[in-house]
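Text of the file input-v7.cif, holding mmCIF, C-alpha atoms:
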data_my_file
loop_
_atom_site.label_atom_id
_atom_site.label_comp_id
_atom_site.auth_asym_id
_atom_site.auth_seq_id
_atom_site.Cartn_x
_atom_site.Cartn_y
_atom_site.Cartn_z
CA MET P 612 -88.70 -20.95 -63.52
CA HIS P 613 -90.80 -18.17 -62.04
CA MET P 614 -90.47 -15.54 -59.37
CA LYS P 615 -93.62 -14.28 -57.70
CA TYR P 616 -93.80 -11.44 -55.21
CA CYS P 617 -95.90 -11.19 -52.08
CA LYS P 618 -98.96 -9.04 -52.83
CA ARG P 619 -98.38 -6.87 -49.75
CA CYS P 620 -94.62 -6.56 -49.36
CA LEU P 621 -91.88 -7.20 -51.92
CA GLN P 622 -90.66 -10.57 -50.78
CA PRO P 623 -90.12 -13.05 -53.64
CA ASP P 624 -90.94 -16.73 -53.45
CA THR P 625 -87.34 -17.56 -54.35
CA ARG P 626 -86.39 -17.29 -50.66
CA PRO P 627 -85.68 -20.82 -49.39
CA GLY P 628 -88.38 -21.96 -46.96
CA ILE P 629 -90.85 -19.15 -47.79
CA LYS P 630 -94.57 -19.82 -47.97
CA PHE P 631 -97.41 -17.73 -49.41
CA ASN P 632 -101.09 -18.24 -48.61
CA GLU P 633 -103.82 -18.72 -51.24
CA GLU P 634 -104.09 -14.95 -51.74
CA GLY P 635 -100.39 -14.65 -52.53
CA ILE P 636 -99.44 -13.09 -49.19
CA CYS P 637 -96.24 -14.20 -47.46
CA TYR P 638 -96.29 -15.51 -43.91
CA ALA P 639 -94.13 -12.63 -42.67
CA CYS P 640 -96.96 -10.25 -43.64
CA LEU P 641 -99.47 -12.58 -42.00
CA TRP P 642 -97.38 -12.45 -38.80
CA GLU P 643 -97.59 -8.66 -38.89
CA GLU P 644 -101.39 -9.03 -38.97
CA GLU P 645 -101.27 -11.57 -36.15
CA LYS P 646 -99.26 -9.19 -33.96
CA LYS P 647 -102.26 -6.83 -33.85
CA LYS P 648 -104.42 -9.56 -32.32
CA ILE P 649 -101.96 -10.72 -29.66
CA ASP P 650 -102.57 -9.84 -26.02
CA TRP P 651 -99.03 -8.57 -25.45
CA ASP P 652 -99.55 -8.12 -21.71
CA GLU P 653 -100.40 -11.81 -21.46
CA ARG P 654 -97.46 -12.69 -23.71
CA PHE P 655 -95.11 -10.67 -21.48
CA SER P 656 -96.52 -12.42 -18.41
CA GLU P 657 -95.58 -15.73 -20.03
CA LEU P 658 -92.08 -14.40 -20.63
CA GLN P 659 -91.73 -13.11 -17.07
CA ALA P 660 -92.82 -16.51 -15.75
CA ILE P 661 -90.12 -18.18 -17.89
CA ALA P 662 -87.55 -15.69 -16.57
CA ASP P 663 -88.64 -16.18 -12.95
CA GLU P 664 -88.44 -19.95 -13.35
CA ALA P 665 -84.91 -19.57 -14.77
CA LYS P 666 -83.88 -17.44 -11.78
CA LYS P 667 -85.21 -20.03 -9.34
CA GLU P 668 -83.64 -22.89 -11.27
CA ALA P 669 -80.27 -21.12 -11.42
CA LYS P 670 -80.37 -20.50 -7.68
CA ASP P 671 -81.24 -24.15 -7.02
CA ARG P 672 -78.28 -25.17 -9.19
CA GLY P 673 -75.98 -22.74 -7.40
CA ASN P 674 -75.47 -20.91 -10.68
CA LEU P 675 -74.71 -17.19 -10.80
CA TYR P 676 -76.10 -16.87 -14.34
CA ASP P 677 -79.71 -17.60 -15.16
CA CYS P 678 -79.59 -17.14 -18.94
CA VAL P 679 -77.21 -17.16 -21.91
CA ILE P 680 -77.44 -14.72 -24.81
CA GLY P 681 -75.33 -14.94 -27.94
CA VAL P 682 -74.22 -11.43 -28.90
CA SER P 683 -72.38 -9.62 -31.68
CA GLY P 684 -72.82 -6.21 -30.07
CA GLY P 685 -75.16 -5.24 -32.91
CA LYS P 686 -78.63 -3.73 -32.64
CA ASP P 687 -80.53 -6.94 -31.91
CA SER P 688 -78.18 -8.49 -29.38
CA THR P 689 -77.74 -5.15 -27.57
CA PHE P 690 -81.52 -4.92 -27.21
CA GLN P 691 -81.73 -8.56 -26.06
CA ALA P 692 -79.09 -8.21 -23.37
CA ILE P 693 -80.46 -5.00 -21.88
CA TYR P 694 -84.07 -6.19 -22.09
CA ALA P 695 -83.17 -9.41 -20.26
CA LYS P 696 -81.30 -7.56 -17.53
CA GLU P 697 -83.42 -4.46 -17.00
CA LYS P 698 -86.94 -5.62 -17.85
CA LEU P 699 -86.82 -9.28 -16.83
CA GLY P 700 -84.34 -8.96 -13.94
CA LEU P 701 -82.11 -11.70 -15.29
CA ASN P 702 -78.35 -11.98 -14.90
CA PRO P 703 -77.22 -12.95 -18.42
CA LEU P 704 -73.95 -14.50 -19.42
CA LEU P 705 -73.20 -13.12 -22.88
CA VAL P 706 -71.38 -15.19 -25.50
CA ASN P 707 -69.59 -13.55 -28.39
CA CYS P 708 -68.28 -15.75 -31.18
CA ALA P 709 -66.21 -13.11 -32.93
CA PRO P 710 -65.90 -13.29 -36.71
CA ASP P 711 -62.52 -13.70 -38.28
CA GLU P 712 -61.12 -10.20 -38.93
CA ILE P 713 -63.76 -8.30 -36.95
CA THR P 714 -64.36 -4.71 -38.13
CA GLU P 715 -63.46 -1.63 -36.10
CA VAL P 716 -67.18 -0.85 -35.78
CA GLY P 717 -67.91 -4.39 -34.64
CA GLN P 718 -65.18 -4.30 -32.00
CA HIS P 719 -66.45 -0.96 -30.68
CA ASN P 720 -69.99 -2.32 -30.41
CA ILE P 721 -69.07 -5.44 -28.45
CA ASP P 722 -66.85 -3.36 -26.14
CA ASN P 723 -69.70 -0.86 -25.73
CA LEU P 724 -72.20 -3.59 -24.82
CA ASN P 725 -69.73 -5.00 -22.31
CA LYS P 726 -70.07 -1.79 -20.26
CA LEU P 727 -73.81 -1.06 -20.63
CA SER P 728 -76.43 -1.40 -17.90
CA GLY P 729 -73.88 -1.83 -15.12
CA GLY P 730 -71.79 -4.15 -17.26
CA PHE P 731 -72.05 -7.74 -18.48
CA ASP P 732 -69.79 -10.75 -18.27
CA ILE P 733 -68.93 -11.85 -21.80
CA ILE P 734 -67.32 -15.09 -22.89
CA SER P 735 -65.44 -14.29 -26.09
CA ILE P 736 -64.80 -17.20 -28.42
CA LYS P 737 -62.08 -16.65 -30.98
CA LEU P 738 -62.10 -19.61 -33.31
CA ASN P 739 -59.03 -21.06 -34.94
CA PRO P 740 -58.53 -18.64 -37.88
CA VAL P 741 -56.74 -21.24 -40.00
CA VAL P 742 -59.73 -23.59 -39.74
CA ALA P 743 -62.20 -20.73 -40.27
CA LYS P 744 -60.49 -19.69 -43.50
CA LYS P 745 -60.38 -23.26 -44.80
CA LEU P 746 -64.11 -23.61 -44.15
CA ALA P 747 -64.80 -20.26 -45.82
CA ARG P 748 -62.85 -21.29 -48.92
CA LYS P 749 -64.59 -24.66 -49.05
CA SER P 750 -68.09 -23.21 -48.72
CA PHE P 751 -67.29 -20.46 -51.23
CA PHE P 752 -66.04 -22.81 -53.92
CA GLU P 753 -68.67 -25.51 -53.28
CA ARG P 754 -71.73 -23.44 -52.34
CA GLY P 755 -71.04 -19.86 -53.39
CA ASN P 756 -71.29 -18.78 -49.77
CA ILE P 757 -68.35 -17.18 -47.97
CA ILE P 758 -69.74 -17.24 -44.43
CA ALA P 759 -71.65 -20.54 -44.29
CA GLY P 760 -69.01 -22.18 -42.10
CA SER P 761 -68.89 -19.36 -39.57
CA GLU P 762 -72.68 -19.40 -39.16
CA TYR P 763 -72.54 -22.82 -37.49
CA CYS P 764 -70.56 -21.55 -34.52
CA LEU P 765 -72.53 -18.28 -34.33
CA TRP P 766 -75.66 -20.31 -33.64
CA ALA P 767 -74.12 -23.19 -31.70
CA SER P 768 -71.97 -21.21 -29.25
CA SER P 769 -74.72 -20.00 -26.90
CA TYR P 770 -76.24 -23.51 -26.72
CA ILE P 771 -72.82 -25.01 -26.02
CA ILE P 772 -72.12 -22.56 -23.19
CA ALA P 773 -75.56 -23.02 -21.62
CA ASN P 774 -75.09 -26.78 -21.76
CA LYS P 775 -71.57 -26.74 -20.31
CA PHE P 776 -72.34 -24.22 -17.53
CA ASN P 777 -75.75 -25.79 -16.80
CA ILE P 778 -77.55 -22.46 -17.30
CA PRO P 779 -81.32 -22.96 -17.50
CA LEU P 780 -82.34 -20.47 -20.20
CA ILE P 781 -81.10 -19.41 -23.66
CA ILE P 782 -82.52 -16.19 -25.14
CA GLN P 783 -82.33 -15.86 -28.90
CA GLY P 784 -83.56 -12.84 -30.83
CA GLU P 785 -85.43 -13.24 -34.08
CA ASN P 786 -87.31 -16.27 -35.35
CA ALA P 787 -86.94 -16.20 -39.15
CA ALA P 788 -90.22 -18.08 -39.52
CA LEU P 789 -91.96 -14.96 -38.18
CA THR P 790 -89.84 -12.15 -39.60
CA LEU P 791 -89.04 -13.68 -42.98
CA GLY P 792 -91.98 -16.06 -43.28
CA THR P 793 -89.80 -19.17 -43.69
CA VAL P 794 -92.42 -21.43 -42.13
CA LEU P 795 -91.40 -24.38 -44.31
CA ARG P 796 -88.13 -24.45 -42.33
CA GLN P 797 -89.18 -23.56 -38.77
CA ASP P 798 -92.33 -23.31 -36.72
CA THR P 799 -93.63 -19.96 -35.51
CA SER P 800 -93.56 -20.70 -31.79
CA GLY P 801 -91.40 -19.08 -29.14
CA ASP P 802 -89.29 -22.24 -28.78
CA ALA P 803 -85.75 -21.43 -29.96
CA PHE P 804 -84.73 -25.07 -30.01
CA ASN P 805 -86.27 -24.99 -33.49
CA VAL P 806 -83.01 -23.28 -34.51
CA SER P 807 -81.91 -26.79 -35.46
CA LYS P 808 -84.26 -26.54 -38.46
CA LEU P 809 -82.51 -23.50 -39.92
CA ASP P 810 -80.88 -24.00 -43.31
CA THR P 811 -77.50 -23.53 -41.65
CA LEU P 812 -77.98 -26.24 -39.02
CA ARG P 813 -80.48 -28.63 -40.58
CA GLY P 814 -78.81 -31.90 -41.45
CA PHE P 815 -75.53 -30.77 -39.93
CA ASP P 816 -72.82 -33.32 -40.63
CA ILE P 817 -69.25 -32.67 -39.48
CA ASP P 818 -67.85 -35.24 -41.90
CA GLU P 819 -69.57 -33.50 -44.81
CA LEU P 820 -68.53 -30.04 -43.59
CA ILE P 821 -64.82 -30.93 -43.45
CA ALA P 822 -64.75 -33.38 -46.37
CA GLY P 823 -61.90 -32.67 -48.77
CA THR P 824 -59.96 -30.65 -46.19
CA ASP P 825 -57.27 -31.54 -43.67
CA ILE P 826 -59.46 -30.23 -40.83
CA SER P 827 -59.80 -32.60 -37.88
CA LYS P 828 -63.06 -33.21 -36.00
CA ARG P 829 -61.20 -32.01 -32.92
CA ASP P 830 -61.18 -28.55 -34.49
CA MET P 831 -64.97 -28.50 -34.90
CA TYR P 832 -66.23 -28.47 -31.32
CA PHE P 833 -67.73 -24.97 -31.42
CA TYR P 834 -69.42 -25.60 -34.77
CA ASN P 835 -71.61 -28.40 -33.47
CA LEU P 836 -74.99 -27.78 -31.77
CA PRO P 837 -75.36 -29.92 -28.62
CA ASN P 838 -77.99 -32.65 -28.53
CA ILE P 839 -81.26 -30.81 -27.98
CA ASP P 840 -83.08 -33.69 -26.31
CA GLU P 841 -80.28 -33.99 -23.76
CA MET P 842 -80.44 -30.25 -23.07
CA LYS P 843 -84.18 -30.49 -22.50
CA ARG P 844 -83.67 -33.39 -20.11
CA LYS P 845 -81.26 -31.18 -18.16
CA GLY P 846 -84.03 -28.58 -17.79
CA ILE P 847 -82.63 -26.05 -20.26
CA LYS P 848 -85.09 -23.92 -22.24
CA ALA P 849 -84.51 -21.75 -25.30
CA ILE P 850 -86.80 -18.92 -26.42
CA TRP P 851 -87.13 -16.33 -29.18
CA LEU P 852 -87.42 -12.89 -27.56
CA GLN P 853 -89.17 -11.54 -30.65
CA TYR P 854 -92.11 -13.88 -29.96
CA TYR P 855 -92.68 -12.32 -26.53
CA ALA P 856 -91.58 -8.68 -26.82
CA LYS P 857 -93.99 -6.32 -28.54
CA GLU P 858 -91.21 -3.76 -29.01
CA TRP P 859 -89.13 -6.01 -31.24
CA SER P 860 -88.43 -4.68 -34.72
CA GLN P 861 -85.37 -3.99 -36.84
CA VAL P 862 -85.80 -0.23 -36.64
CA TYR P 863 -86.76 -0.12 -32.94
CA ASN P 864 -83.79 -2.27 -31.99
CA ALA P 865 -81.47 0.00 -33.97
CA ASP P 866 -82.86 3.21 -32.41
CA PHE P 867 -82.70 1.62 -28.95
CA SER P 868 -79.07 0.61 -29.45
CA ILE P 869 -77.91 3.81 -31.17
CA ALA P 870 -79.13 5.72 -28.11
CA ARG P 871 -76.82 3.50 -26.05
CA GLY P 872 -73.69 3.95 -28.13
CA LEU P 873 -74.07 1.61 -31.11
CA TRP P 874 -71.93 2.54 -34.10
CA GLY P 875 -73.05 1.86 -37.67
CA ARG P 876 -71.55 2.07 -41.13
CA THR P 877 -72.09 5.83 -41.10
CA ARG P 878 -69.26 6.83 -43.43
CA VAL P 879 -69.86 4.51 -46.36
CA ASP P 880 -71.82 4.99 -49.57
CA LEU P 881 -74.98 2.91 -49.21
CA HIS P 882 -74.59 1.70 -52.79
CA ASN P 883 -71.39 -0.04 -51.70
CA ILE P 884 -73.08 -2.11 -48.99
CA GLY P 885 -76.27 -3.11 -50.82
CA ARG P 886 -78.70 -1.75 -48.24
CA TYR P 887 -80.24 1.56 -47.25
CA ARG P 888 -79.91 1.29 -43.48
CA ARG P 889 -76.55 1.53 -41.77
CA TYR P 890 -77.02 -0.60 -38.64
CA SER P 891 -76.89 -4.23 -39.70
CA ALA P 892 -74.08 -6.67 -40.55
CA LEU P 893 -71.59 -4.53 -38.68
CA ASP P 894 -68.94 -6.90 -37.37
CA SER P 895 -67.74 -8.50 -40.62
CA ASP P 896 -67.06 -7.04 -44.05
CA LEU P 897 -67.39 -10.48 -45.63
CA GLN P 898 -71.16 -10.27 -45.24
CA ILE P 899 -71.35 -7.44 -47.78
CA ALA P 900 -69.99 -9.52 -50.67
CA ASN P 901 -71.98 -12.52 -49.46
CA GLN P 902 -75.24 -10.59 -49.73
CA MET P 903 -74.40 -9.69 -53.32
CA ILE P 904 -73.89 -13.38 -54.07
CA LYS P 905 -77.25 -14.17 -52.45
CA TYR P 906 -78.87 -11.57 -54.70
CA LEU P 907 -77.41 -13.23 -57.80
CA LYS P 908 -78.66 -16.63 -56.65
CA PHE P 909 -82.19 -15.72 -55.56
CA GLY P 910 -83.01 -12.29 -56.99
CA PHE P 911 -83.07 -10.46 -53.66
CA GLY P 912 -80.56 -9.09 -51.17
CA PHE P 913 -80.59 -7.24 -47.88
CA ALA P 914 -82.26 -4.09 -49.21
CA THR P 915 -85.28 -6.25 -50.04
CA ASP P 916 -85.39 -7.48 -46.44
CA GLU P 917 -85.19 -3.91 -45.14
CA ALA P 918 -87.89 -2.70 -47.51
CA CYS P 919 -90.22 -5.54 -46.53
CA TYR P 920 -89.80 -4.70 -42.82
CA ASP P 921 -90.61 -1.06 -43.57
CA ILE P 922 -93.67 -1.88 -45.70
CA ARG P 923 -95.11 -4.20 -43.05
CA GLU P 924 -94.57 -1.71 -40.24
CA GLY P 925 -96.07 1.19 -42.20
CA ARG P 926 -92.94 3.26 -42.85
CA LEU P 927 -92.93 2.79 -46.62
CA SER P 928 -95.46 2.29 -49.38
CA ARG P 929 -94.88 -0.66 -51.69
CA GLU P 930 -94.15 1.75 -54.56
CA ASP P 931 -91.56 3.76 -52.63
CA ALA P 932 -89.93 0.54 -51.48
CA LYS P 933 -89.51 -0.59 -55.10
CA TRP P 934 -87.28 2.41 -55.75
CA LEU P 935 -85.05 1.63 -52.77
CA ILE P 936 -84.67 -2.00 -53.81
CA ARG P 937 -83.82 -1.08 -57.40
CA GLU P 938 -81.33 1.49 -56.14
CA TYR P 939 -79.45 -0.61 -53.57
CA ASP P 940 -80.23 -4.33 -53.70
CA GLY P 941 -77.38 -6.57 -54.75
CA LYS P 942 -74.84 -3.74 -54.89
CA CYS P 943 -71.35 -4.29 -53.51
CA GLY P 944 -68.42 -1.89 -53.60
CA GLU P 945 -65.16 -3.04 -55.15
CA GLU P 946 -63.41 -2.59 -51.81
CA TYR P 947 -65.61 -5.28 -50.23
CA ILE P 948 -64.98 -7.67 -53.11
CA LYS P 949 -61.24 -7.09 -52.66
CA ILE P 950 -61.57 -7.72 -48.91
CA ALA P 951 -63.33 -11.03 -49.65
CA CYS P 952 -60.69 -12.00 -52.22
CA LYS P 953 -57.83 -11.18 -49.88
CA TYR P 954 -59.43 -13.26 -47.13
CA LEU P 955 -60.13 -16.19 -49.46
CA GLU P 956 -56.64 -15.85 -50.97
CA ILE P 957 -57.89 -15.64 -54.55
CA THR P 958 -57.81 -13.03 -57.31
CA VAL P 959 -60.78 -10.91 -58.31
CA ASP P 960 -60.98 -12.85 -61.58
CA GLU P 961 -61.07 -16.14 -59.68
CA PHE P 962 -63.80 -14.70 -57.44
CA TRP P 963 -66.03 -13.89 -60.39
CA ASN P 964 -65.31 -17.20 -62.14
CA VAL P 965 -66.72 -18.96 -59.07
CA ILE P 966 -69.68 -16.59 -58.71
CA ASP P 967 -70.61 -17.07 -62.39
CA LYS P 968 -71.27 -20.74 -61.66
CA PHE P 969 -73.84 -19.91 -58.99
CA VAL P 970 -75.70 -17.05 -60.66
CA ASN P 971 -79.33 -17.92 -61.42
CA LYS P 972 -79.28 -17.64 -65.21
CA ASP P 973 -83.08 -17.69 -65.31
CA LEU P 974 -83.14 -14.40 -63.38
CA PHE P 975 -79.98 -12.67 -64.63
CA TYR P 976 -78.18 -12.06 -67.91
CA LYS P 977 -74.67 -10.80 -68.56
CA ASP P 978 -74.42 -7.53 -70.48
CA GLU P 979 -71.76 -6.47 -72.98
CA GLN P 980 -69.54 -5.19 -70.16
CA GLY P 981 -69.68 -8.56 -68.41
CA LYS P 982 -71.98 -7.36 -65.64
CA TRP P 983 -74.85 -9.47 -64.33
CA CYS P 984 -78.19 -7.65 -64.77
CA PRO P 985 -81.70 -8.67 -63.67
CA LYS P 986 -84.20 -9.90 -66.24
CA PHE P 987 -86.99 -9.21 -63.74
CA LYS P 988 -88.54 -5.97 -62.49
CA VAL P 989 -88.89 -5.53 -58.74
CA GLY P 990 -92.44 -6.19 -57.59
CA GLU P 991 -93.61 -7.72 -60.89
CA ASP P 992 -94.13 -11.47 -61.13
CA PHE P 993 -91.62 -12.95 -63.55
CA ASP P 994 -91.77 -16.13 -65.67
CA VAL P 995 -89.02 -17.45 -67.88
#

Show this structure as structure tokens.
Amino acid sequence: MHMKYCKRCLQPDTRPGIKFNEEGICYACLWEEEKKKIDWDERFSELQAIADEAKKEAKDRGNLYDCVIGVSGGKDSTFQAIYAKEKLGLNPLLVNCAPDEITEVGQHNIDNLNKLSGGFDIISIKLNPVVAKKLARKSFFERGNIIAGSEYCLWASSYIIANKFNIPLIIQGENAALTLGTVLRQDTSGDAFNVSKLDTLRGFDIDELIAGTDISKRDMYFYNLPNIDEMKRKGIKAIWLQYYAKEWSQVYNADFSIARGLWGRTRVDLHNIGRYRRYSALDSDLQIANQMIKYLKFGFGFATDEACYDIREGRLSREDAKWLIREYDGKCGEEYIKIACKYLEITVDEFWNVIDKFVNKDLFYKDEQGKWCPKFKVGEDFDV
């Protein structure tokens, strides 16, 4: 077992799907280099042509909406919706697949987006909470992942709505192959139909997902991505906005959305949420504990992602970023663990008994107090 870090940022090679080049540089850093060479005016012209074609196609179909955008009301989806409407002249139909037990901040943000830029029509999908909890418990006990089940419908919902309403364009936000460098999972094009290659959706099997439960296939409609070839035959396109919009970045999207009323986790101790920025993962508290579990599996959490964005975009030096990762990565306040336990209907002891099975013992050891501690040092290649 080894863990090697990108020579430019602080991304480890333990991330599923990551690829480094011969010089030990991750593909997310290489994308940042590539961005400097792109003719963004030409790229925007391509995007405008796609938007104009969608408008014409929608009109020919007698459809009021010319694109679908899946939204949480967070920084990225707020930017997507307003960009599509104000810069591309599109009339988007927004789709919100609300998480079970949405936070107060998350509810404010989706309500805020609803009223922005003259207002948007939003289809709100509230999934069967009994089924959602059963899937969360199954994925937690079997995979050490609380939110794996809910991610299926978060991705699938906008494709389902576009397919059912015969809307010609789907606009997604961020292609992980570009931003995270997971090029072994997805390609780096602007085609968002490659979402089917994401870890969440790749090899999707309803029978496997509900195996061992009393969940019926009838309950799984919104978890299942429509057939992509059939959608293409119907003349539906799907794009990643990040590929076309020069402005796109985590920090820009947050600043853009804050100026338009976005709320963040402004009253919490950053150590309790395992990150040093306050404007991500806003609509569900389950994501906080889930990021801690990810950290114990792979040796990195959300603070690593934030630090890598900041290094690549010139806001942080690699050395300064190390401090932030050591300070915040993998941290999770007791209140968020208790929230997860209450939702999963287990005790805190049961929670940790399950987590202990999924901890990467090559990367972590348990101290005398029973706490999992890293064997590795951030930014230094590690071999067992």

Output check: residues returned by the PyMOL selection byres ((chain P and resi 690-696) around 7), as a ChimeraX atom specification: /P:680,686-689,697-703,728,784,864,867-868

Matched chain/residue IDs from the PyMOL selection byres ((chain P and resi 978-991) around 8), as number ranges by chain: P: 615-616, 621, 907, 910, 933, 936-937, 973-977, 992-993

Given the selection you just returned, output its residues as a file containing C-alpha atoms, formatted as a compact mmCIF listing (two decimals), keeping the file's coordinate frame.
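Below is the file part_25.txt, written as the result:
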# COMPACT_ATOMS: atom_id res chain seq x y z
CA LYS P 615 -93.62 -14.28 -57.70
CA TYR P 616 -93.80 -11.44 -55.21
CA LEU P 621 -91.88 -7.20 -51.92
CA LEU P 907 -77.41 -13.23 -57.80
CA GLY P 910 -83.01 -12.29 -56.99
CA LYS P 933 -89.51 -0.59 -55.10
CA ILE P 936 -84.67 -2.00 -53.81
CA ARG P 937 -83.82 -1.08 -57.40
CA ASP P 973 -83.08 -17.69 -65.31
CA LEU P 974 -83.14 -14.40 -63.38
CA PHE P 975 -79.98 -12.67 -64.63
CA TYR P 976 -78.18 -12.06 -67.91
CA LYS P 977 -74.67 -10.80 -68.56
CA ASP P 992 -94.13 -11.47 -61.13
CA PHE P 993 -91.62 -12.95 -63.55

Polymer residues at most 12 Å from stretch 948-952 of chain P, only C-alpha atoms, same-chain spacing of 2 or more positions, as a VMD selection string: chain P and resid 711 to 712 714 744 747 to 748 751 756 to 758 883 to 884 895 to 904 942 to 946 954 to 963 965 to 966

Writer output for current selection, C-alpha atoms, as a CSV table (one decimal), in the coordinates of the input:
chain,number,residue,atom,x,y,z
P,711,ASP,CA,-62.5,-13.7,-38.3
P,712,GLU,CA,-61.1,-10.2,-38.9
P,714,THR,CA,-64.4,-4.7,-38.1
P,744,LYS,CA,-60.5,-19.7,-43.5
P,747,ALA,CA,-64.8,-20.3,-45.8
P,748,ARG,CA,-62.8,-21.3,-48.9
P,751,PHE,CA,-67.3,-20.5,-51.2
P,756,ASN,CA,-71.3,-18.8,-49.8
P,757,ILE,CA,-68.4,-17.2,-48.0
P,758,ILE,CA,-69.7,-17.2,-44.4
P,883,ASN,CA,-71.4,0.0,-51.7
P,884,ILE,CA,-73.1,-2.1,-49.0
P,895,SER,CA,-67.7,-8.5,-40.6
P,896,ASP,CA,-67.1,-7.0,-44.0
P,897,LEU,CA,-67.4,-10.5,-45.6
P,898,GLN,CA,-71.2,-10.3,-45.2
P,899,ILE,CA,-71.4,-7.4,-47.8
P,900,ALA,CA,-70.0,-9.5,-50.7
P,901,ASN,CA,-72.0,-12.5,-49.5
P,902,GLN,CA,-75.2,-10.6,-49.7
P,903,MET,CA,-74.4,-9.7,-53.3
P,904,ILE,CA,-73.9,-13.4,-54.1
P,942,LYS,CA,-74.8,-3.7,-54.9
P,943,CYS,CA,-71.4,-4.3,-53.5
P,944,GLY,CA,-68.4,-1.9,-53.6
P,945,GLU,CA,-65.2,-3.0,-55.2
P,946,GLU,CA,-63.4,-2.6,-51.8
P,954,TYR,CA,-59.4,-13.3,-47.1
P,955,LEU,CA,-60.1,-16.2,-49.5
P,956,GLU,CA,-56.6,-15.8,-51.0
P,957,ILE,CA,-57.9,-15.6,-54.6
P,958,THR,CA,-57.8,-13.0,-57.3
P,959,VAL,CA,-60.8,-10.9,-58.3
P,960,ASP,CA,-61.0,-12.8,-61.6
P,961,GLU,CA,-61.1,-16.1,-59.7
P,962,PHE,CA,-63.8,-14.7,-57.4
P,963,TRP,CA,-66.0,-13.9,-60.4
P,965,VAL,CA,-66.7,-19.0,-59.1
P,966,ILE,CA,-69.7,-16.6,-58.7

Neighbour list for stretch 719-722 of chain P as a list of chain:residue names, cut-off 9 Å, all atoms listed in the file, skip fewer than 4 positions in-chain: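 My list of contacting residues is P:Val682, P:Ser683, P:Gly684, P:Gly685, P:Thr689, P:Asn707, P:Thr714, P:Glu715, P:Lys726, P:Gly872, P:Leu873, P:Trp874, P:Gly875, P:Leu893, P:Asp894.
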
Contacts of P:Ala822 within 12 Å, only C-alpha atoms, excl. fewer than 6 positions in-chain, as an NGL selection string: :P and (745-746 or 749-750 or 753 or 816 or 828)

6 Å contact set for stretch 831-846 of chain P, all atoms listed in the file, chain neighbours under 2 positions out, as a ChimeraX atom specification: /P:763-764,767,828-829

Between atom CA of P:Thr790 and atom CA of P:Cys637, distance in Å (one decimal): 10.3 Å

Evaluate the PyMOL selection byres ((chain P and resi 861) around 10) and report residues as a list in words: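 Taken over the shown coordinates, the PyMOL selection byres ((chain P and resi 861) around 10) returns Lys686, Asp687, Glu785, Thr790, Glu858, Trp859, Ser860, Val862, Tyr863, Asn864, Ala865, Asp866, Tyr890, Ser891, Glu917, Tyr920 and Asp921 of chain P.
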
Distance in Å - atom CA of P:Asp994 versus atom CA of P:Trp642: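 Between atom CA of P:Asp994 and atom CA of P:Trp642 the gap works out to 27.7 Å.
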
Proximity to P:Leu705 - best of P:Glu634, P:Asn805, P:Ala639, P:Ile782, all atoms listed in the file: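 Distance minimum relative to P:Leu705 lands on P:Ile782.
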
Nearby residues (all atoms listed in the file) at most 7 Å from P:Cys620, same-chain spacing under 6 positions excluded, as a PyMOL selection string: chain P and resi 919+922-923+929

Residue among P:Ser768, P:Gln853, P:Asn632, P:Thr824 lying closest to P:Thr799, counting only C-alpha atoms: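 Once distances to P:Thr799 are computed over only C-alpha atoms, the minimum belongs to P:Gln853.
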
Atom-to-atom span, atom CA of P:Cys708 and atom CA of P:Phe752, Å: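 So the two atoms, atom CA of P:Cys708 and atom CA of P:Phe752, lie 23.9 Å apart.
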
Box time for stretch 743-762 of chain P: axis-aligned, enclosing all its listed atoms, 8 Å extra on each side; report centre and edge lengths in Å to one decimal, as AutoDock Vina command-line options.
--center_x -66.5 --center_y -21.3 --center_z -46.5 --size_x 28.3 --size_y 24.3 --size_z 30.8
